[in-house]
Every structure is written in structure tokens, then in C-alpha cells.
Amino acid sequence: MRILSLLQSLRLYPQPPVLIRRSLEDDMLGEYPIGRGEDIFISIWNLHRCPKHWDNADVFNPERWTLDGPNPNETNQKFSYLPFGGGPRKCVGDMFATFENVVATAMLVKRFDFQMAPGAPPVEMTTGATIHTTKGLNMIVSRRTNPPVIPISR
Ligand code: HEM
């Protein structure tokens with residue numbers, strides 16, 4: 001479920017929110033002519049929140065995908081899900097990044113409690129090459145004194 005939560009986060013907050021391609025030759029993109037050398041900006045943010053592709057597009061719901069199914073990727077989501085891009089220039093670190101993130105998050109929440117800092121400004125976003133917070137994400141991080149015991153079924 002942690003992987004699906006991460007991949008759902010990347011649907012709602014893709015980094016980067018825009019991909020760029022440059023046309024090598026004159027072409028048509030649907031009904032739109034594209035000239036050689038022109039740049040095409042692909043809004044991954046809009047694609048990931050498009051109601052044509054997603055039910056309740058703005059809702060965080062990791063259970064859109066199933067635990068026993070394949071991790072969502074561009075191919076099995078019919079190119080409506082592109083957090084790591086697609087095609088020959090797709091991110092080469094996608095699997096590494098996914099598993100590293102799950103391990104790092106698990107280690108952090110096992111050892112620390114995270115709370116919003118009192119009086120912290122509301123978390124707002126701004127975009128550039130990536131999405132980031134406007135005024136930070138001010139939190140109080142405290143070490144857990146009694147880490148939870150997680151039973152392992154045998
Ligand atoms: C959550 C973490 C990450 C995200 C969301 C991410 C996302 C992306 C995206 C969207 C692209 C552009 C793909 C395209 O234009 O189609 C890209 C390219 C790339 N990423 Fe990542 N990435 C992540 C982590 C990593 C890591 C950990 C590595 C290396 C270990 C990595 C290596 C690369 C490389 C080398 C490219 C350029 C590929 C090329 O141009 O051929 N990325 N990444």
C-alpha cells in the first residue's frame with residue numbers, strides 16, 4: 001500500500017509537472033500542425049487530473065490500483081499516467097526512486113512523529129521546473145519513544 005500511496009501522490013503532484021519535447025520535423029499532432037524545431041509542453045499536472053481519464057480526479061485514492069496488480073505505469077495506464085515520463089527518454093531511475101522512497105518513508109515514520117508546527121502558514125504550492133511549497137512545510141519532528149511493534153505473520 002505504501003508504493004500505491006507514493007504513486008498516487010505522484011499522480012496528484014507530479015515532479016516535474018510539465019514535460020517538454022522538441023519536434024525534429026514538421027508534423028501534425030491531431031489537428032495541430034507542429035513545425036520542425038518547435039517545443040511542445042505537455043502538462044502532466046493537467047493530464048493526471050483530467051476527468052476524462054480519472055474518476056474523482058482530484059481525490060487522493062491509492063486504491064485506484066490494486067495491490068496484487070502491476071504498479072501503474074505509462075503503458076498499463078494508456079499514457080494517462082506519466083510521473084516518470086514515457087518513451088525513449090523516460091526516467092531511468094523510476095524503479096530505484098520508487099523503492100528508495102518507500103524504504104526511506106518507512107524508516108522515518110518508524111522513528112519519528114511528524115506534526116504541523118503551531119502557527120505554521122498554510123501549505124501552498126508554487127510551480128517552476130518542479131512543484132514546491134510557497135512558504136515551506138513547517139513541522140515539529142519528535143523521536144518516537146516507543147516504536148510500534150509490527151507483528152510478522154508466519
Ligand atoms: C520520484 C523520483 C523521480 C521522479 C518523479 C523522476 C521523474 C523523471 C522525469 C519526469 C523525467 C523525464 C522523462 C521524460 O522526459 O519522458 C526523468 C528523467 C530522468 N531521470 Fe528521473 N525521476 C526520479 C528519480 C530519478 C532517479 C533516482 C534517477 C537516477 C538514479 C533518475 C534519473 C533520470 C535520468 C538519467 C533521466 C533522463 C533520461 C533521458 O533523458 O534519457 N531519476 N525523471
# chains A, B, ... in the order shown; residues from 1 in each chain; ligands from 1
call {"tool": "select_by_dssp", "arguments": {"residues": "range 44-153 of chain A", "states": "alpha helix (DSSP H)", "output": "list in words"}}
result
Ile44, Trp45, Asn46, Leu47, His48, Asp94, Met95, Phe96, Ala97, Thr98, Phe99, Glu100, Asn101, Val102, Val103, Ala104, Thr105, Ala106, Met107, Leu108, Val109, Lys110 and Arg111 of chain A
call {"tool": "residues_near_ligand", "arguments": {"ligand": "ligand 1", "cutoff": "9 Å", "atoms": "only C-alpha atoms and all ligand atoms", "output": "ChimeraX atom specification"}}
result
/A:6-7,10,14-21,44,82-98,100-101
call {"tool": "write_last_selection", "arguments": {"atoms": "N, CA, C and O atoms", "output": "compact mmCIF listing (two decimals), in the first residue's frame"}}
result
# COMPACT_ATOMS: atom_id res chain seq x y z
N LEU A 6 2.53 6.27 -2.65
CA LEU A 6 3.55 7.10 -3.29
C LEU A 6 3.18 7.38 -4.74
O LEU A 6 3.23 8.54 -5.20
N LEU A 7 2.75 6.34 -5.46
CA LEU A 7 2.44 6.52 -6.88
C LEU A 7 1.20 7.38 -7.07
O LEU A 7 1.07 8.10 -8.06
N LEU A 10 2.33 10.91 -6.67
CA LEU A 10 2.95 11.39 -7.91
C LEU A 10 1.92 11.68 -9.00
O LEU A 10 2.17 12.41 -9.94
N PRO A 14 2.81 15.65 -9.66
CA PRO A 14 3.92 15.12 -10.47
C PRO A 14 5.13 16.06 -10.48
O PRO A 14 4.98 17.28 -10.56
N GLN A 15 6.29 15.45 -10.35
CA GLN A 15 7.55 16.20 -10.40
C GLN A 15 8.36 15.68 -11.56
O GLN A 15 8.86 14.55 -11.46
N PRO A 16 8.51 16.41 -12.60
CA PRO A 16 8.05 17.77 -12.89
C PRO A 16 6.61 17.77 -13.40
O PRO A 16 6.16 16.78 -13.96
N PRO A 17 5.91 18.93 -13.23
CA PRO A 17 4.52 19.00 -13.69
C PRO A 17 4.39 19.17 -15.20
O PRO A 17 3.30 19.06 -15.75
N VAL A 18 5.51 19.46 -15.86
CA VAL A 18 5.48 19.67 -17.32
C VAL A 18 6.64 18.93 -17.95
O VAL A 18 7.75 18.95 -17.41
N LEU A 19 6.39 18.24 -19.06
CA LEU A 19 7.47 17.65 -19.85
C LEU A 19 7.58 18.43 -21.16
O LEU A 19 6.60 19.00 -21.63
N ILE A 20 8.75 18.43 -21.72
CA ILE A 20 8.97 19.18 -22.96
C ILE A 20 9.57 18.24 -24.02
O ILE A 20 10.44 17.43 -23.71
N ARG A 21 9.06 18.34 -25.23
CA ARG A 21 9.64 17.63 -26.36
C ARG A 21 9.87 18.65 -27.48
O ARG A 21 9.10 19.59 -27.62
N ILE A 44 1.71 17.48 -17.46
CA ILE A 44 1.44 16.24 -16.74
C ILE A 44 0.44 16.51 -15.61
O ILE A 44 -0.41 15.68 -15.28
N LEU A 82 1.98 9.67 -16.22
CA LEU A 82 3.37 9.83 -16.68
C LEU A 82 4.26 10.51 -15.64
O LEU A 82 4.95 11.48 -15.97
N PRO A 83 4.29 10.05 -14.39
CA PRO A 83 5.14 10.74 -13.42
C PRO A 83 6.62 10.61 -13.74
O PRO A 83 7.42 11.45 -13.32
N PHE A 84 6.97 9.56 -14.48
CA PHE A 84 8.37 9.37 -14.85
C PHE A 84 8.57 9.56 -16.36
O PHE A 84 9.57 9.12 -16.92
N GLY A 85 7.63 10.22 -17.01
CA GLY A 85 7.72 10.41 -18.45
C GLY A 85 7.37 9.13 -19.18
O GLY A 85 6.75 8.21 -18.63
N GLY A 86 7.76 9.07 -20.44
CA GLY A 86 7.48 7.89 -21.25
C GLY A 86 8.30 7.92 -22.51
O GLY A 86 8.85 8.96 -22.89
N GLY A 87 8.40 6.78 -23.14
CA GLY A 87 9.17 6.69 -24.38
C GLY A 87 10.66 6.57 -24.12
O GLY A 87 11.09 6.30 -22.99
N PRO A 88 11.46 6.80 -25.18
CA PRO A 88 12.91 6.57 -25.07
C PRO A 88 13.60 7.42 -24.00
O PRO A 88 14.66 7.05 -23.51
N ARG A 89 13.02 8.58 -23.66
CA ARG A 89 13.67 9.45 -22.66
C ARG A 89 13.03 9.33 -21.29
O ARG A 89 13.22 10.19 -20.42
N LYS A 90 12.30 8.27 -21.07
CA LYS A 90 11.70 8.06 -19.76
C LYS A 90 12.77 8.00 -18.67
O LYS A 90 13.92 7.59 -18.93
N CYS A 91 12.40 8.39 -17.47
CA CYS A 91 13.31 8.35 -16.32
C CYS A 91 13.96 6.96 -16.19
O CYS A 91 13.25 5.95 -16.17
N VAL A 92 15.29 6.95 -16.08
CA VAL A 92 15.95 5.65 -15.93
C VAL A 92 15.95 5.19 -14.47
O VAL A 92 16.25 4.05 -14.18
N GLY A 93 15.58 6.13 -13.55
CA GLY A 93 15.67 5.79 -12.13
C GLY A 93 14.31 5.49 -11.51
O GLY A 93 14.17 5.52 -10.29
N ASP A 94 13.28 5.21 -12.34
CA ASP A 94 11.92 5.13 -11.79
C ASP A 94 11.78 4.04 -10.73
O ASP A 94 11.24 4.29 -9.65
N MET A 95 12.29 2.85 -11.01
CA MET A 95 12.13 1.77 -10.03
C MET A 95 12.97 2.05 -8.78
O MET A 95 12.52 1.87 -7.64
N PHE A 96 14.20 2.52 -9.02
CA PHE A 96 15.07 2.84 -7.89
C PHE A 96 14.41 3.90 -7.00
O PHE A 96 14.33 3.76 -5.78
N ALA A 97 13.90 4.97 -7.64
CA ALA A 97 13.29 6.06 -6.87
C ALA A 97 12.07 5.57 -6.09
O ALA A 97 11.86 5.95 -4.93
N THR A 98 11.27 4.71 -6.71
CA THR A 98 10.06 4.23 -6.05
C THR A 98 10.41 3.43 -4.79
O THR A 98 9.89 3.69 -3.70
N GLU A 100 13.32 3.28 -3.16
CA GLU A 100 14.07 4.10 -2.20
C GLU A 100 13.12 4.94 -1.36
O GLU A 100 13.25 5.06 -0.14
N ASN A 101 12.11 5.51 -2.02
CA ASN A 101 11.15 6.37 -1.32
C ASN A 101 10.36 5.57 -0.29
O ASN A 101 10.15 6.03 0.84
call {"tool": "select_by_dssp", "arguments": {"residues": "range 2-99 of chain A", "states": "strand (DSSP E)", "output": "VMD selection string"}}
result
chain A and resid 18 to 22 27 to 29 32 to 34 39 to 43
call {"tool": "atom_distance", "arguments": {"atom1": "CA of Lys52 in chain A", "atom2": "CA of Leu12 in chain A"}}
result
15.2 Å
call {"tool": "closest_residue", "arguments": {"among": "A:Pro121, A:Pro151, A:Trp65, A:Asp39", "to": "Thr133 in chain A", "atoms": "only C-alpha atoms"}}
result
A:Pro121
call {"tool": "residues_around", "arguments": {"residues": "Ser5 in chain A", "least_positions_apart": "6", "cutoff": "10 Å", "atoms": "only C-alpha atoms", "output": "list in words"}}
result
Arg11, Phe60, Asn61, Pro62, Glu63, Trp65 and Val102 of chain A
call {"tool": "atom_distance", "arguments": {"atom1": "CA of Ile3 in chain A", "atom2": "CA of Met139 in chain A"}}
result
23.6 Å
